[in-house]
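Participant: So here's run_15.cif, just mmCIF, C-alpha atoms and all ligand atoms:
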data_work
loop_
_atom_site.label_atom_id
_atom_site.label_comp_id
_atom_site.auth_asym_id
_atom_site.auth_seq_id
_atom_site.Cartn_x
_atom_site.Cartn_y
_atom_site.Cartn_z
CA MET B 287 22.63 4.18 28.08
CA THR B 288 24.89 4.17 25.03
CA ASP B 289 23.49 3.26 21.63
CA SER B 290 26.72 1.90 20.20
CA ASN B 291 28.05 -1.53 21.00
CA PRO B 292 30.99 -3.09 19.15
CA ILE B 293 29.39 -6.54 19.13
CA VAL B 294 26.27 -5.08 17.56
CA GLN B 295 28.38 -3.29 15.00
CA GLN B 296 30.33 -6.42 14.28
CA TRP B 297 27.36 -8.69 13.76
CA ILE B 298 24.36 -6.73 12.57
CA ARG B 299 24.63 -6.89 8.77
CA PRO B 300 26.07 -3.63 7.41
CA GLU B 301 23.12 -3.09 5.07
CA ILE B 302 20.78 -3.23 8.08
CA GLN B 303 22.96 -0.81 10.05
CA ALA B 304 22.78 1.56 7.07
CA LEU B 305 18.96 1.56 7.08
CA LYS B 306 16.72 4.05 8.81
CA ALA B 307 13.69 2.52 10.54
CA TYR B 308 10.36 3.23 8.83
CA GLN B 309 9.34 6.52 10.43
CA VAL B 310 5.80 7.17 11.51
CA PRO B 311 5.39 10.53 13.26
CA PRO B 312 3.11 10.56 16.31
CA ALA B 313 -0.24 12.10 15.36
CA GLY B 314 -1.61 13.13 18.74
CA ASN B 315 -4.84 15.01 18.13
CA MET B 316 -3.86 16.19 14.69
CA ILE B 317 -5.94 15.70 11.59
CA LYS B 318 -4.23 12.76 9.97
CA LEU B 319 -3.85 13.22 6.25
CA ASP B 320 -0.48 11.52 5.94
CA ALA B 321 -1.10 7.77 5.84
CA MET B 322 -3.92 7.06 3.36
CA GLU B 323 -6.29 5.93 6.06
CA ASN B 324 -10.04 6.01 5.56
CA PRO B 325 -11.27 8.74 7.95
CA TYR B 326 -14.75 7.30 8.44
CA ARG B 327 -15.80 5.13 11.36
CA TRP B 328 -18.62 2.59 11.30
CA PRO B 329 -22.19 3.60 12.17
CA GLN B 330 -23.10 2.85 15.79
CA TYR B 331 -25.37 -0.12 14.99
CA MET B 332 -22.43 -1.78 13.25
CA VAL B 333 -20.07 -1.10 16.13
CA ASP B 334 -22.58 -2.69 18.50
CA GLU B 335 -22.94 -5.81 16.34
CA TRP B 336 -19.19 -6.03 16.00
CA LEU B 337 -18.68 -5.91 19.76
CA GLU B 338 -21.05 -8.86 20.08
CA VAL B 339 -18.91 -10.78 17.61
CA LEU B 340 -15.75 -9.95 19.54
CA ARG B 341 -17.39 -10.96 22.82
CA ALA B 342 -17.89 -14.44 21.41
CA THR B 343 -14.39 -14.76 19.96
CA PRO B 344 -12.27 -17.32 21.81
CA ILE B 345 -9.00 -15.49 22.45
CA ASN B 346 -7.70 -18.41 24.50
CA ARG B 347 -7.46 -20.45 21.29
CA TYR B 348 -5.02 -20.20 18.43
CA PRO B 349 -6.53 -18.76 15.26
CA ASP B 350 -7.98 -20.93 12.53
CA PRO B 351 -4.76 -22.00 10.76
CA VAL B 352 -6.21 -21.86 7.24
CA ALA B 353 -9.10 -19.39 7.58
CA ALA B 354 -10.76 -21.07 4.59
CA GLU B 355 -14.12 -19.42 5.14
CA LEU B 356 -12.62 -15.94 5.37
CA LYS B 357 -10.56 -16.47 2.21
CA GLU B 358 -13.60 -17.70 0.33
CA GLU B 359 -15.57 -14.68 1.44
CA LEU B 360 -12.76 -12.32 0.37
CA SER B 361 -12.59 -13.89 -3.10
CA LEU B 362 -16.34 -13.60 -3.44
CA ARG B 363 -16.59 -9.97 -2.30
CA MET B 364 -13.60 -8.94 -4.35
CA GLY B 365 -14.79 -10.67 -7.50
CA VAL B 366 -11.87 -13.08 -7.74
CA ASP B 367 -12.26 -16.44 -9.50
CA PRO B 368 -12.33 -19.05 -6.69
CA ALA B 369 -9.91 -21.13 -8.75
CA TYR B 370 -7.14 -18.84 -7.49
CA GLU B 371 -5.50 -19.54 -4.16
CA VAL B 372 -5.64 -16.91 -1.43
CA MET B 373 -2.95 -16.14 1.13
CA LEU B 374 -3.48 -13.74 4.01
CA GLY B 375 -0.82 -11.55 5.58
CA ASN B 376 -0.46 -9.26 8.57
CA GLY B 377 -0.92 -6.35 6.18
CA SER B 378 0.29 -6.64 2.62
CA ASP B 379 3.70 -5.65 3.96
CA GLU B 380 3.98 -9.15 5.39
CA LEU B 381 3.03 -10.65 2.03
CA ILE B 382 5.76 -8.63 0.32
CA GLN B 383 8.20 -9.97 2.88
CA ILE B 384 7.03 -13.56 2.45
CA MET B 385 7.42 -13.41 -1.32
CA ALA B 386 10.83 -11.76 -1.04
CA MET B 387 11.99 -14.43 1.40
CA CYS B 388 10.92 -17.12 -1.05
CA LEU B 389 12.64 -15.51 -4.03
CA ALA B 390 15.69 -13.98 -2.36
CA GLY B 391 19.29 -14.87 -3.01
CA PRO B 392 22.53 -12.93 -2.91
CA ASP B 393 22.63 -12.59 -6.69
CA ARG B 394 18.92 -12.02 -7.13
CA THR B 395 17.22 -8.73 -7.87
CA LEU B 396 13.96 -7.13 -6.78
CA LEU B 397 12.96 -4.49 -9.32
CA ALA B 398 10.41 -1.70 -8.97
CA PRO B 399 9.71 1.68 -10.59
CA GLU B 400 10.67 4.78 -8.61
CA PRO B 401 9.40 6.84 -6.93
CA GLY B 402 7.36 4.01 -5.48
CA PHE B 403 6.37 2.25 -2.29
CA VAL B 404 9.40 2.33 0.02
CA MET B 405 8.80 -1.09 1.56
CA TYR B 406 9.83 -2.85 -1.67
CA ARG B 407 13.34 -1.53 -1.31
CA MET B 408 13.47 -2.01 2.44
CA ILE B 409 12.26 -5.60 2.30
CA ALA B 410 14.72 -6.40 -0.50
CA THR B 411 17.43 -5.21 1.87
CA PHE B 412 16.06 -7.21 4.83
CA CYS B 413 16.12 -10.32 2.68
CA GLY B 414 19.60 -9.74 1.29
CA MET B 415 18.39 -9.11 -2.26
CA HIS B 416 19.82 -6.69 -4.74
CA TYR B 417 17.38 -3.82 -5.39
CA ARG B 418 16.96 -2.08 -8.72
CA GLY B 419 14.78 1.01 -8.93
CA VAL B 420 13.85 2.22 -12.40
CA PRO B 421 13.03 5.95 -12.60
CA LEU B 422 9.56 6.78 -13.86
CA GLY B 423 9.25 9.02 -16.88
CA GLU B 424 7.29 12.17 -17.63
CA ASP B 425 4.38 12.67 -15.22
CA PHE B 426 5.35 9.45 -13.46
CA GLU B 427 4.36 7.24 -16.39
CA LEU B 428 6.28 3.95 -16.52
CA ASP B 429 9.39 4.40 -18.65
CA LEU B 430 8.86 1.20 -20.59
CA PRO B 431 12.11 1.16 -22.60
CA ALA B 432 14.17 1.79 -19.44
CA THR B 433 12.18 -0.82 -17.51
CA LEU B 434 12.57 -3.46 -20.20
CA GLU B 435 16.27 -2.70 -20.41
CA ALA B 436 16.63 -3.05 -16.62
CA ILE B 437 14.71 -6.33 -16.73
CA ALA B 438 16.99 -7.66 -19.48
CA GLU B 439 20.06 -6.55 -17.58
CA ASN B 440 19.10 -7.64 -14.04
CA GLN B 441 16.85 -10.64 -14.76
CA PRO B 442 14.86 -9.77 -11.62
CA ALA B 443 13.45 -12.62 -9.53
CA LEU B 444 10.72 -10.28 -8.36
CA VAL B 445 9.05 -7.20 -9.87
CA PHE B 446 6.57 -5.00 -8.02
CA LEU B 447 4.15 -2.72 -9.82
CA ALA B 448 1.79 -0.77 -7.57
CA GLN B 449 -1.30 0.20 -9.59
CA PRO B 450 -2.24 2.93 -8.77
CA ASN B 451 1.30 3.84 -7.75
CA ASN B 452 2.17 5.30 -4.34
CA PRO B 453 3.15 8.16 -3.87
CA THR B 454 2.30 9.40 -7.38
CA GLY B 455 -1.33 8.24 -7.51
CA ASN B 456 -1.36 7.33 -11.20
CA LEU B 457 -1.94 4.20 -13.21
CA PHE B 458 0.63 3.22 -15.79
CA ARG B 459 -0.56 2.45 -19.32
CA LEU B 460 -2.04 -1.03 -19.24
CA GLU B 461 -0.02 -2.06 -22.30
CA SER B 462 3.14 -1.14 -20.39
CA VAL B 463 2.07 -3.21 -17.37
CA ARG B 464 1.41 -6.12 -19.71
CA ALA B 465 4.76 -5.67 -21.42
CA VAL B 466 6.51 -5.91 -18.03
CA CYS B 467 4.59 -9.10 -17.14
CA GLU B 468 5.57 -10.51 -20.51
CA ALA B 469 9.25 -9.59 -20.25
CA ALA B 470 9.88 -10.40 -16.57
CA PRO B 471 11.64 -13.74 -16.15
CA GLY B 472 10.40 -14.16 -12.55
CA LEU B 473 7.40 -13.19 -10.45
CA VAL B 474 5.46 -9.96 -11.06
CA VAL B 475 3.33 -8.70 -8.16
CA LEU B 476 0.56 -6.28 -9.11
CA ASP B 477 -0.02 -4.35 -5.90
CA GLU B 478 -3.61 -3.10 -5.86
CA ALA B 479 -3.49 -1.41 -2.44
CA TYR B 480 -5.67 1.42 -3.82
CA MET B 481 -8.16 -0.72 -5.73
CA ALA B 482 -11.11 0.91 -3.95
CA PHE B 483 -10.33 4.24 -5.57
CA THR B 484 -9.91 3.28 -9.21
CA ASP B 485 -11.95 1.43 -11.81
CA ARG B 486 -9.00 -0.49 -13.16
CA GLN B 487 -7.98 -3.83 -11.78
CA HIS B 488 -5.61 -6.51 -12.96
CA LEU B 489 -7.09 -9.89 -12.11
CA GLU B 490 -7.33 -10.89 -15.75
CA LEU B 491 -3.57 -10.56 -16.14
CA MET B 492 -3.23 -13.65 -13.96
CA ALA B 493 -5.03 -15.59 -16.65
CA ASP B 494 -2.70 -14.29 -19.34
CA TYR B 495 0.66 -14.64 -17.55
CA SER B 496 1.65 -17.54 -15.30
CA ASN B 497 4.16 -15.34 -13.44
CA VAL B 498 1.63 -12.80 -12.11
CA VAL B 499 -0.08 -12.51 -8.72
CA VAL B 500 -2.38 -9.76 -7.44
CA MET B 501 -2.01 -8.28 -3.96
CA ARG B 502 -4.65 -6.27 -2.12
CA THR B 503 -5.17 -4.89 1.36
CA LEU B 504 -8.03 -3.75 3.56
CA SER B 505 -5.87 -0.95 4.98
CA LYS B 506 -6.68 1.80 2.51
CA MET B 507 -10.38 0.97 2.35
CA GLY B 508 -11.04 1.48 6.03
CA LEU B 509 -9.51 -1.27 8.13
CA ALA B 510 -5.88 -0.20 8.52
CA GLY B 511 -5.92 -1.10 12.20
CA LEU B 512 -6.80 -4.72 11.55
CA ARG B 513 -3.76 -5.38 9.34
CA LEU B 514 -5.03 -7.68 6.62
CA GLY B 515 -3.30 -8.12 3.29
CA ILE B 516 -4.57 -10.52 0.66
CA LEU B 517 -2.69 -12.27 -2.10
CA PHE B 518 -4.51 -13.92 -5.00
CA GLY B 519 -2.66 -16.17 -7.38
CA PRO B 520 -2.10 -19.56 -8.94
CA ARG B 521 -1.67 -22.46 -6.55
CA ALA B 522 1.81 -23.23 -7.90
CA TRP B 523 3.13 -19.96 -6.44
CA LEU B 524 1.02 -19.67 -3.31
CA GLN B 525 1.68 -23.19 -2.06
CA GLU B 526 5.37 -22.30 -1.95
CA PHE B 527 4.79 -18.93 -0.26
CA ASP B 528 2.62 -20.60 2.34
CA LYS B 529 5.60 -22.63 3.57
CA VAL B 530 7.30 -19.41 4.67
CA ARG B 531 4.26 -17.86 6.35
CA LEU B 532 4.48 -18.06 10.13
CA PRO B 533 1.67 -20.15 11.60
CA TYR B 534 -1.28 -18.12 12.91
CA ASN B 535 -0.12 -14.86 11.31
CA ILE B 536 -3.71 -13.58 11.30
CA ASN B 537 -4.96 -13.17 14.85
CA VAL B 538 -8.46 -14.16 15.97
CA LEU B 539 -9.63 -10.57 16.47
CA THR B 540 -8.64 -9.61 12.93
CA GLU B 541 -10.19 -12.73 11.47
CA ALA B 542 -13.47 -12.23 13.33
CA SER B 543 -13.56 -8.50 12.62
CA VAL B 544 -12.89 -8.87 8.90
CA LYS B 545 -15.49 -11.61 8.56
CA PHE B 546 -17.93 -9.28 10.23
CA ALA B 547 -16.87 -6.29 8.11
CA LEU B 548 -17.42 -8.28 4.93
CA THR B 549 -21.05 -8.80 5.86
CA HIS B 550 -21.26 -4.99 5.67
CA TYR B 551 -19.13 -4.57 2.56
CA ASP B 552 -21.73 -2.09 1.28
CA VAL B 553 -20.77 0.31 4.09
CA ILE B 554 -17.09 0.11 3.16
CA LYS B 555 -17.99 0.64 -0.49
CA ALA B 556 -20.14 3.66 0.32
CA GLN B 557 -17.29 5.18 2.37
CA THR B 558 -14.73 4.71 -0.39
CA ALA B 559 -17.18 6.07 -2.96
CA GLU B 560 -17.55 9.16 -0.80
CA LEU B 561 -13.77 9.52 -0.66
CA ARG B 562 -13.65 9.40 -4.45
CA ALA B 563 -16.11 12.29 -4.57
CA ASN B 564 -14.08 14.14 -1.92
CA ARG B 565 -10.96 13.55 -4.01
CA ALA B 566 -12.47 15.28 -7.02
CA GLU B 567 -13.39 18.29 -4.89
CA LEU B 568 -10.03 18.44 -3.17
CA LEU B 569 -8.19 18.16 -6.49
CA ALA B 570 -10.16 21.03 -7.99
CA ALA B 571 -9.51 23.18 -4.92
CA LEU B 572 -5.79 22.37 -4.79
CA GLN B 573 -5.51 23.34 -8.44
CA GLN B 574 -6.71 26.82 -7.47
CA LEU B 575 -3.78 27.26 -5.08
CA PRO B 576 -0.33 28.46 -6.17
CA PHE B 577 1.23 25.01 -6.45
CA ALA B 578 3.76 24.44 -9.21
CA ARG B 579 1.90 21.23 -10.02
CA VAL B 580 -1.00 19.14 -8.74
CA TRP B 581 -1.28 15.66 -10.22
CA PRO B 582 -4.60 13.92 -10.76
CA SER B 583 -4.99 10.73 -8.74
CA GLU B 584 -6.59 7.30 -8.97
CA ALA B 585 -5.91 6.73 -5.26
CA ASN B 586 -7.07 8.26 -1.96
CA PHE B 587 -4.27 10.83 -1.93
CA ILE B 588 -3.08 13.69 -4.11
CA LEU B 589 0.51 14.61 -4.88
CA ALA B 590 1.40 18.27 -5.34
CA ARG B 591 4.60 20.19 -6.00
CA THR B 592 5.12 23.52 -4.28
CA ALA B 593 7.18 26.41 -5.56
CA PRO B 594 10.90 25.60 -5.25
CA GLY B 595 12.05 25.25 -1.64
CA GLN B 596 8.58 25.71 -0.12
CA ALA B 597 7.50 22.15 0.76
CA GLY B 598 9.19 22.03 4.17
CA ALA B 599 7.76 25.34 5.31
CA ILE B 600 4.24 24.51 4.14
CA HIS B 601 4.46 21.08 5.78
CA GLN B 602 5.48 22.77 9.02
CA ALA B 603 2.77 25.43 8.78
CA LEU B 604 0.15 22.71 8.33
CA LYS B 605 1.53 20.90 11.36
CA THR B 606 1.22 24.08 13.39
CA ALA B 607 -2.37 24.30 12.19
CA GLY B 608 -2.90 20.76 13.48
CA ILE B 609 -2.81 18.93 10.15
CA LEU B 610 -0.39 16.13 9.37
CA VAL B 611 0.47 15.52 5.70
CA LYS B 612 3.43 13.75 4.11
CA CYS B 613 6.41 15.78 3.00
CA LEU B 614 8.21 13.84 0.28
CA HIS B 615 10.89 16.40 -0.42
CA GLY B 616 14.20 14.59 -0.13
CA ALA B 617 12.66 11.13 -0.45
CA HIS B 618 13.52 10.83 -4.15
CA PRO B 619 14.97 13.23 -6.74
CA GLN B 620 11.70 13.19 -8.70
CA LEU B 621 9.76 14.20 -5.58
CA GLU B 622 11.52 17.50 -5.04
CA ASP B 623 9.21 20.05 -3.34
CA CYS B 624 6.41 17.48 -3.17
CA LEU B 625 3.70 17.06 -0.56
CA ARG B 626 1.20 14.21 -0.44
CA PHE B 627 -2.29 14.84 0.91
CA THR B 628 -4.47 11.92 1.94
CA VAL B 629 -8.10 12.59 1.01
CA GLY B 630 -10.09 13.06 4.20
CA THR B 631 -13.67 13.84 5.12
CA ALA B 632 -15.22 16.94 3.56
CA ASP B 633 -14.57 18.77 6.85
CA GLU B 634 -10.95 17.68 7.07
CA ASN B 635 -10.33 18.71 3.47
CA ARG B 636 -11.89 22.09 4.10
CA LEU B 637 -9.58 22.64 7.09
CA LEU B 638 -6.63 21.52 5.00
CA LEU B 639 -7.47 24.01 2.26
CA GLN B 640 -7.96 26.76 4.79
CA ALA B 641 -4.56 26.05 6.33
CA LEU B 642 -2.97 25.89 2.88
CA HIS B 643 -4.44 29.27 2.00
CA GLY B 644 -2.81 30.67 5.12
CA ALA B 645 0.51 28.95 4.50
CA MET B 646 0.70 29.90 0.83
CA ASP B 647 -0.57 33.47 1.17
CA ALA B 648 -3.23 32.62 -1.34
C1 LIG X 1 -0.04 1.11 1.98
C2 LIG X 1 0.54 0.25 0.93
C3 LIG X 1 0.79 -1.11 1.14
C4 LIG X 1 0.77 -1.76 2.49
O1 LIG X 1 -0.39 -1.85 3.11
P1 LIG X 1 -0.64 -2.75 4.38
O2 LIG X 1 -1.21 -1.81 5.37
O3 LIG X 1 0.64 -3.38 4.85
O4 LIG X 1 -1.60 -3.78 3.91
C5 LIG X 1 1.25 -1.87 0.09
N1 LIG X 1 1.48 -1.33 -1.11
C6 LIG X 1 1.28 -0.03 -1.34
C7 LIG X 1 1.57 0.50 -2.70
C8 LIG X 1 0.81 0.80 -0.34
O5 LIG X 1 0.67 2.10 -0.57
#
Could you render the structure as structure tokens?
Facilitator:
Amino acid sequence: MTDSNPIVQQWIRPEIQALKAYQVPPAGNMIKLDAMENPYRWPQYMVDEWLEVLRATPINRYPDPVAAELKEELSLRMGVDPAYEVMLGNGSDELIQIMAMCLAGPDRTLLAPEPGFVMYRMIATFCGMHYRGVPLGEDFELDLPATLEAIAENQPALVFLAQPNNPTGNLFRLESVRAVCEAAPGLVVLDEAYMAFTDRQHLELMADYSNVVVMRTLSKMGLAGLRLGILFGPRAWLQEFDKVRLPYNINVLTEASVKFALTHYDVIKAQTAELRANRAELLAALQQLPFARVWPSEANFILARTAPGQAGAIHQALKTAGILVKCLHGAHPQLEDCLRFTVGTADENRLLLQALHGAMDA
């Protein structure tokens, strides 16, 4: 079968034809330290209880269209003022897409610092928006003058700030984040995908700026397979976004499973606390290896720069040793020779370090 077809080429928008699909390498039996998943499973008693919940879930029925109870529970557990509206997405990726669809237009810009989360750019393209990436400064700190200048120049409809940032793992100075909220003419989304791994959060910025919403996800804290993203924000914004959300975007199994998981939020919190401790140990150990640079992290991953030209070979050697990490070399000029390691269990991190010792002749 041929993969070129003149009708496809004629009609698929050129900017879509120019894209590469989001690549996820098959993991097989490898140790997965490439996708910021939580490596821990639930204790057996919880799995048993959960299966009982699923047994009673009516999969012949459409999901609860509003999921009011689940939203209320999420606000409560996440310490969000119930005065804010909640919108749920099939992962926060879907929420990014919903907001972009609402704010898109041929002469409208989505702005985000770079290197950053690649879906911002991709979704801007899907939605026919202009994308403006603003390079981060020294040690991946937000370059505030450049960002303010880009905001003044592009008047972006939509700004994304991931805090902590992916793939760099750092928080920008809070005054800089505030300055962006203040200067942006349109919506600013504070993406707190890694909230479980940092003490800073940004809910109070919603009180100070009427153009700010806060987005979270359960993916990085242990429920990546369920696909649940959560948007908190003022009703004025969320009632518009909700018009674009496809009905029943959260399936009954996810809804029931998350409701159940929230009754054991302490288990999730204990797991993420353990990952924070593992992160400190992994960071200290990585700093002993001959990397050109290892950056501290407020997330559940660590970014490191190898000696020039070594990232690909080390990535490959780890793969051969059965460990999958993310090679970011080539993804962005500021990520030259960079590898990103998701923090795993103590055992997984030990195996990673062992393989790195071998690969780096350390
Ligand atoms: C992983 C990630 C997301 C997307 O997570 P979902 O699994 O779609 O909820 C969003 N933003 C950032 C910065 C991320 O790293």
Participant: Sort by chain and increasing residue number a table of all residues of chain B within 6 Å of ligand LIG 1 (chain X), each with its closest pair of atoms and their distance in Å to one decimal, counting all atoms listed in the file, and write it as a Markdown table.
Facilitator:
| residue | atom | partner | partner_atom | distance |
| --- | --- | --- | --- | --- |
| B:Gly377 | CA | X:LIG1 | O4 | 3.5 |
| B:Ser378 | CA | X:LIG1 | O4 | 3.7 |
| B:Asp379 | CA | X:LIG1 | O3 | 3.9 |
| B:Phe403 | CA | X:LIG1 | C7 | 5.1 |
| B:Ala448 | CA | X:LIG1 | C7 | 5.0 |
| B:Asn452 | CA | X:LIG1 | C7 | 5.1 |
| B:Asp477 | CA | X:LIG1 | N1 | 5.9 |
| B:Ala479 | CA | X:LIG1 | C6 | 5.1 |
| B:Thr503 | CA | X:LIG1 | O4 | 4.5 |
| B:Ser505 | CA | X:LIG1 | O2 | 4.8 |
| B:Ala510 | CA | X:LIG1 | O2 | 5.9 |
| B:Arg513 | CA | X:LIG1 | O2 | 5.9 |
| B:Leu514 | CA | X:LIG1 | O4 | 5.9 |
| B:Gly515 | CA | X:LIG1 | O4 | 4.7 |
Participant: Which residue gives the smallest distance to Tyr326 of chain B among B:Leu604, B:Val420, B:Val553, B:Ala597, with all atoms listed in the file counted?
Facilitator: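 Smallest separation from Tyr326 of chain B among the options: B:Val553.
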Participant: Could you jot down the atom CA of Gln441 of chain B to atom CA of Leu397 of chain B separation for me, Å, one decimal place?
Facilitator: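 So the two atoms, atom CA of Gln441 of chain B and atom CA of Leu397 of chain B, lie 9.1 Å apart.
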Participant: I need the residue nearest Ser543 of chain B from this list: B:Gln596, B:Thr343, B:Gln330, B:Gln309. Use all atoms listed in the file for the distance.
Facilitator: B:Thr343
Participant: Mind running segment 329-427 of chain B against segment 465-473 of chain B at 12 Å and telling me each contacting residue's nearest atom pair with the distance in Å (one decimal), counting all atoms listed in the file, chain and number ascending, as a tab-separated table?
Facilitator:
residue	atom	partner	partner_atom	distance
B:Ile382	CA	B:Leu473	CA	11.8
B:Met385	CA	B:Leu473	CA	9.1
B:Ala386	CA	B:Leu473	CA	10.1
B:Cys388	CA	B:Leu473	CA	10.8
B:Leu389	CA	B:Leu473	CA	8.6
B:Ala390	CA	B:Gly472	CA	11.5
B:Arg394	CA	B:Gly472	CA	10.3
B:Thr395	CA	B:Gly472	CA	9.9
B:Leu396	CA	B:Leu473	CA	9.7
B:Leu397	CA	B:Ala470	CA	9.8
B:Ala398	CA	B:Val466	CA	10.7
B:Pro399	CA	B:Val466	CA	11.1
Participant: By how many Å are atom CA of His643 of chain B and atom CA of Phe577 of chain B apart?
Facilitator: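 Calculated distance between atom CA of His643 of chain B and atom CA of Phe577 of chain B is 11.0 Å.
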Participant: Measuring between only C-alpha atoms, which one of B:Arg418, B:Val500, B:Trp581, B:Ala354 shows the shortest distance to Leu457 of chain B?
Facilitator: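 Comparing B:Arg418, B:Val500, B:Trp581, B:Ala354 against Leu457 of chain B, the winner is B:Trp581.
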Participant: Given all atoms listed in the file as the basis, pick out the residue of B:Pro401, B:Pro450, B:Pro582, B:Gly519 nearest to Gly616 of chain B.
Facilitator: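 Nearest to Gly616 of chain B: B:Pro401.
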Participant: Within 12 Å of Asn586 of chain B, counting all atoms listed in the file, which residues qualify if same-chain residues fewer than 6 places away don't, as a PyMOL selection string?
Facilitator: chain B and resi 319-325+450-456+479-484+505-508+557-566+568-569+626-631
Participant: Export, as a JSON list (two decimals), in the frame of the given file, the selected residues with C-alpha atoms.
Facilitator:
[["chain", "number", "residue", "atom", "x", "y", "z"],
["B", 319, "LEU", "CA", -3.85, 13.22, 6.25],
["B", 320, "ASP", "CA", -0.48, 11.52, 5.94],
["B", 321, "ALA", "CA", -1.10, 7.77, 5.84],
["B", 322, "MET", "CA", -3.92, 7.06, 3.36],
["B", 323, "GLU", "CA", -6.29, 5.93, 6.06],
["B", 324, "ASN", "CA", -10.04, 6.01, 5.56],
["B", 325, "PRO", "CA", -11.27, 8.74, 7.95],
["B", 450, "PRO", "CA", -2.24, 2.93, -8.77],
["B", 451, "ASN", "CA", 1.30, 3.84, -7.75],
["B", 452, "ASN", "CA", 2.17, 5.30, -4.34],
["B", 453, "PRO", "CA", 3.15, 8.16, -3.87],
["B", 454, "THR", "CA", 2.30, 9.40, -7.38],
["B", 455, "GLY", "CA", -1.33, 8.24, -7.51],
["B", 456, "ASN", "CA", -1.36, 7.33, -11.20],
["B", 479, "ALA", "CA", -3.49, -1.41, -2.44],
["B", 480, "TYR", "CA", -5.67, 1.42, -3.82],
["B", 481, "MET", "CA", -8.16, -0.72, -5.73],
["B", 482, "ALA", "CA", -11.11, 0.91, -3.95],
["B", 483, "PHE", "CA", -10.33, 4.24, -5.57],
["B", 484, "THR", "CA", -9.91, 3.28, -9.21],
["B", 505, "SER", "CA", -5.87, -0.95, 4.98],
["B", 506, "LYS", "CA", -6.68, 1.80, 2.51],
["B", 507, "MET", "CA", -10.38, 0.97, 2.35],
["B", 508, "GLY", "CA", -11.04, 1.48, 6.03],
["B", 557, "GLN", "CA", -17.29, 5.18, 2.37],
["B", 558, "THR", "CA", -14.73, 4.71, -0.39],
["B", 559, "ALA", "CA", -17.18, 6.07, -2.96],
["B", 560, "GLU", "CA", -17.55, 9.16, -0.80],
["B", 561, "LEU", "CA", -13.77, 9.52, -0.66],
["B", 562, "ARG", "CA", -13.65, 9.40, -4.45],
["B", 563, "ALA", "CA", -16.11, 12.29, -4.57],
["B", 564, "ASN", "CA", -14.08, 14.14, -1.92],
["B", 565, "ARG", "CA", -10.96, 13.55, -4.01],
["B", 566, "ALA", "CA", -12.47, 15.28, -7.02],
["B", 568, "LEU", "CA", -10.03, 18.44, -3.17],
["B", 569, "LEU", "CA", -8.19, 18.16, -6.49],
["B", 626, "ARG", "CA", 1.20, 14.21, -0.44],
["B", 627, "PHE", "CA", -2.29, 14.84, 0.91],
["B", 628, "THR", "CA", -4.47, 11.92, 1.94],
["B", 629, "VAL", "CA", -8.10, 12.59, 1.01],
["B", 630, "GLY", "CA", -10.09, 13.06, 4.20],
["B", 631, "THR", "CA", -13.67, 13.84, 5.12]]
Participant: Point out the residue among B:Tyr348, B:Trp336, B:Tyr495, B:Tyr406 with the least atom-to-atom distance to Ala542 of chain B, counting all atoms listed in the file.
Facilitator: B:Trp336
Participant: Quick check, in Å to one decimal: how far apart do atom CA of Thr606 of chain B and atom CA of Ala570 of chain B lie?
Facilitator: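 Between these atoms lies a distance of 24.4 Å.
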Participant: Might you pull out every residue within 12 Å of Leu575 of chain B, with all atoms listed in the file counted and same-chain residues fewer than 4 positions away left off, and present them as an MDAnalysis selection string?
Facilitator: chainID B and resid 568:571 579:580 590:593 638:648
Participant: At most 12 Å from (-7.9, -18.4, 13.7), file frame, only C-alpha atoms: which residues, as a PyMOL selection string?
Facilitator: chain B and resi 343-357+374+533-545
Participant: So, with all atoms listed in the file as the atoms that count, which of B:Gly608, B:Pro619, B:Pro594, B:Pro292 lies closest to Met316 of chain B?
Facilitator: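 Looking only at the distances to Met316 of chain B, the closest residue turns out to be B:Gly608.
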Participant: Find the residues around Trp328 of chain B up to 9 Å (all atoms listed in the file counted), leave out those fewer than 3 positions away in its own chain, and share them as a VMD selection string.
Facilitator: chain B and resid 331 to 333 553 to 554
Participant: For Pro368 of chain B, please output as a VMD selection string all residues within 10 Å (counting all atoms listed in the file; exclusion window: fewer than 2 positions along the same chain).
Facilitator: chain B and resid 357 to 362 365 to 366 370 to 372 518
Participant: As AutoDock Vina command-line options, please report the centre and edge lengths, rounded to one decimal in Å, of the axis-aligned box that holds all listed atoms of segment 401-407 of chain B with 6 Å of padding on each of the six sides.
Facilitator:
--center_x 9.9 --center_y 2.0 --center_z -2.7 --size_x 19.0 --size_y 21.7 --size_z 20.5
Participant: Show me a table, sorted first by chain and then by increasing residue number, of the residues of segment 348-433 of chain B having an atom at most 9 Å from segment 293-307 of chain B, each with its shortest atom pair and the distance in Å to one decimal, counting only C-alpha atoms and written as a Markdown table.
Facilitator:
| residue | atom | partner | partner_atom | distance |
| --- | --- | --- | --- | --- |
| B:Met408 | CA | B:Leu305 | CA | 8.0 |
| B:Thr411 | CA | B:Glu301 | CA | 6.9 |
| B:Phe412 | CA | B:Ile302 | CA | 7.0 |
| B:Gly414 | CA | B:Glu301 | CA | 8.4 |
